[in-house]
Structure formats: structure tokens, C-alpha cells
Amino acid sequence: MIRRSGRRLREKSAAPRNSYELAVRNQFFTPRYVVEFLTDNTLGRIWYEMTRGETKLKEQCRYLVRRPNEIFLKPGEAAPEQPEQDNLSQEELLKQPVYIPHRPFKDRAPS
């Protein structure tokens with residue numbers, strides 16, 4: 001259906017008249033869940049890290065990837081060195097601590 005209507009639209013006019021015609025002609029649709037996943041794990045992740053996980057986004061962002069053992073580092077604190085463990089199962093990897101570097105707030109005025 002979309003292909004046929006896109007062909008008809010191209011035959012009527014060389015340039016699309018609106019965003020719907022442009023989308024139909026290019027078949028340029030991004031599923032909502034893809035947009036939500038990308039937004040949750042870029043902007044949502046930045047805010048989550050700036051608030052050290054103390055945010056309502058944990059419940060609101062359905063696709064925010066969080067690990068079970070996240071440890072937020074303080075300003076200037078470095079993650080401890082961990083021995084290489086190449087032969088761990090997925091389950092064992094999930095149990096490993098994940099150190100999240102300090103991310104200062106960007107929207108607050110200096111006090």
C-alpha cells in the first residue's frame with residue numbers, strides 16, 4: 001500500500017507537499033520504541049548519572065539500561081583496577097560492579 005501510494009504521489013508532483021508525503025515517499029519511519037530507547041539511553045542516561053541515580057527517570061524511562069551493581073564515583077575518584085576475567089558467563093558478568101564516573105550538573109549556576 002505504501003509503495004503504491006508513494007509511486008502515485010511521485011507521479012502527481014516532483015516535490016512533496018508536506019511531511020506525510022515526504023515520509024511516504026522515502027518510507028522513513030522510525031518505530032516509537034527505537035526513539036524512546038535512544039532518548040532514554042542518551043539524555044536520560046546523562047541525567048541519571050548527574051543525579052547519581054536519584055531521579056524519577058528510573059521509573060519513567062522504560063528502556064533505560066541499568067546494571068544491578070552500579071557504583072557512582074565521587075568527584076576526582078577513580079575506579080579501582082579489576083583483574084581481567086575473560087571467561088565469565090553472562091550471569092557472572094552482570095554480578096560484577098560497574099563504576100560510573102562522576103558527572104557534574106551542567107544546568108546549575110555556580111554557587
# chains A, B, ... in the order shown; residues from 1 in each chain; ligands from 1
call {"tool": "select_by_dssp", "arguments": {"residues": "segment 13-101 of chain A", "states": "strand (DSSP E or B)", "output": "ChimeraX atom specification"}}
result
/A:70-72,98-100
call {"tool": "residues_around", "arguments": {"residues": "segment 77-80 of chain A", "least_positions_apart": "5", "cutoff": "8 Å", "atoms": "only C-alpha atoms", "output": "PyMOL selection string"}}
result
chain A and resi 99+101-102
call {"tool": "closest_residue", "arguments": {"among": "A:Cys61, A:Leu93, A:Val98, A:Leu73", "to": "Glu36 of chain A", "atoms": "only C-alpha atoms"}}
result
A:Cys61
call {"tool": "closest_residue", "arguments": {"among": "A:Arg45, A:Thr30, A:Lys106, A:Glu70", "to": "Lys58 of chain A", "atoms": "only C-alpha atoms"}}
result
A:Arg45
call {"tool": "closest_residue", "arguments": {"among": "A:Val24, A:Ala14, A:Glu59, A:Leu64", "to": "Ile46 of chain A", "atoms": "only C-alpha atoms"}}
result
A:Leu64
call {"tool": "select_by_dssp", "arguments": {"residues": "segment 10-107 of chain A", "states": "alpha helix (DSSP H)", "output": "PyMOL selection string"}}
result
chain A and resi 10-12+19-26+32-40+43-50+57-60+90-95
call {"tool": "residues_around", "arguments": {"residues": "Leu57 of chain A", "least_positions_apart": "5", "cutoff": "10 Å", "atoms": "only C-alpha atoms", "output": "PDB file with N, CA and C atoms, in the first residue's frame"}}
result
ATOM      1  N   ASP A  40      16.114   7.554  26.017  1.00  0.00           N
ATOM      2  CA  ASP A  40      16.321   7.100  27.395  1.00  0.00           C
ATOM      3  C   ASP A  40      17.803   6.871  27.687  1.00  0.00           C
ATOM      4  N   GLY A  44      18.458  10.612  28.971  1.00  0.00           N
ATOM      5  CA  GLY A  44      18.072  10.008  30.246  1.00  0.00           C
ATOM      6  C   GLY A  44      19.272   9.509  31.020  1.00  0.00           C
ATOM      7  N   ARG A  45      20.219   8.899  30.343  1.00  0.00           N
ATOM      8  CA  ARG A  45      21.432   8.376  30.985  1.00  0.00           C
ATOM      9  C   ARG A  45      22.258   9.521  31.561  1.00  0.00           C
ATOM     10  N   TRP A  47      21.215  12.477  32.618  1.00  0.00           N
ATOM     11  CA  TRP A  47      20.546  12.976  33.822  1.00  0.00           C
ATOM     12  C   TRP A  47      20.656  11.965  34.959  1.00  0.00           C
ATOM     13  N   TYR A  48      20.480  10.691  34.656  1.00  0.00           N
ATOM     14  CA  TYR A  48      20.586   9.624  35.657  1.00  0.00           C
ATOM     15  C   TYR A  48      21.958   9.656  36.325  1.00  0.00           C
ATOM     16  N   ARG A  62      11.308   3.638  30.222  1.00  0.00           N
ATOM     17  CA  ARG A  62      11.099   2.188  30.101  1.00  0.00           C
ATOM     18  C   ARG A  62      12.313   1.451  29.554  1.00  0.00           C
ATOM     19  N   LEU A  64      15.655   2.572  29.746  1.00  0.00           N
ATOM     20  CA  LEU A  64      16.930   2.968  30.329  1.00  0.00           C
ATOM     21  C   LEU A  64      17.681   1.726  30.797  1.00  0.00           C
TER      22      LEU A  64
END
call {"tool": "residues_around", "arguments": {"residues": "Pro68 of chain A", "least_positions_apart": "3", "cutoff": "9 Å", "atoms": "only C-alpha atoms", "output": "MDAnalysis selection string"}}
result
chainID A and resid 94:98
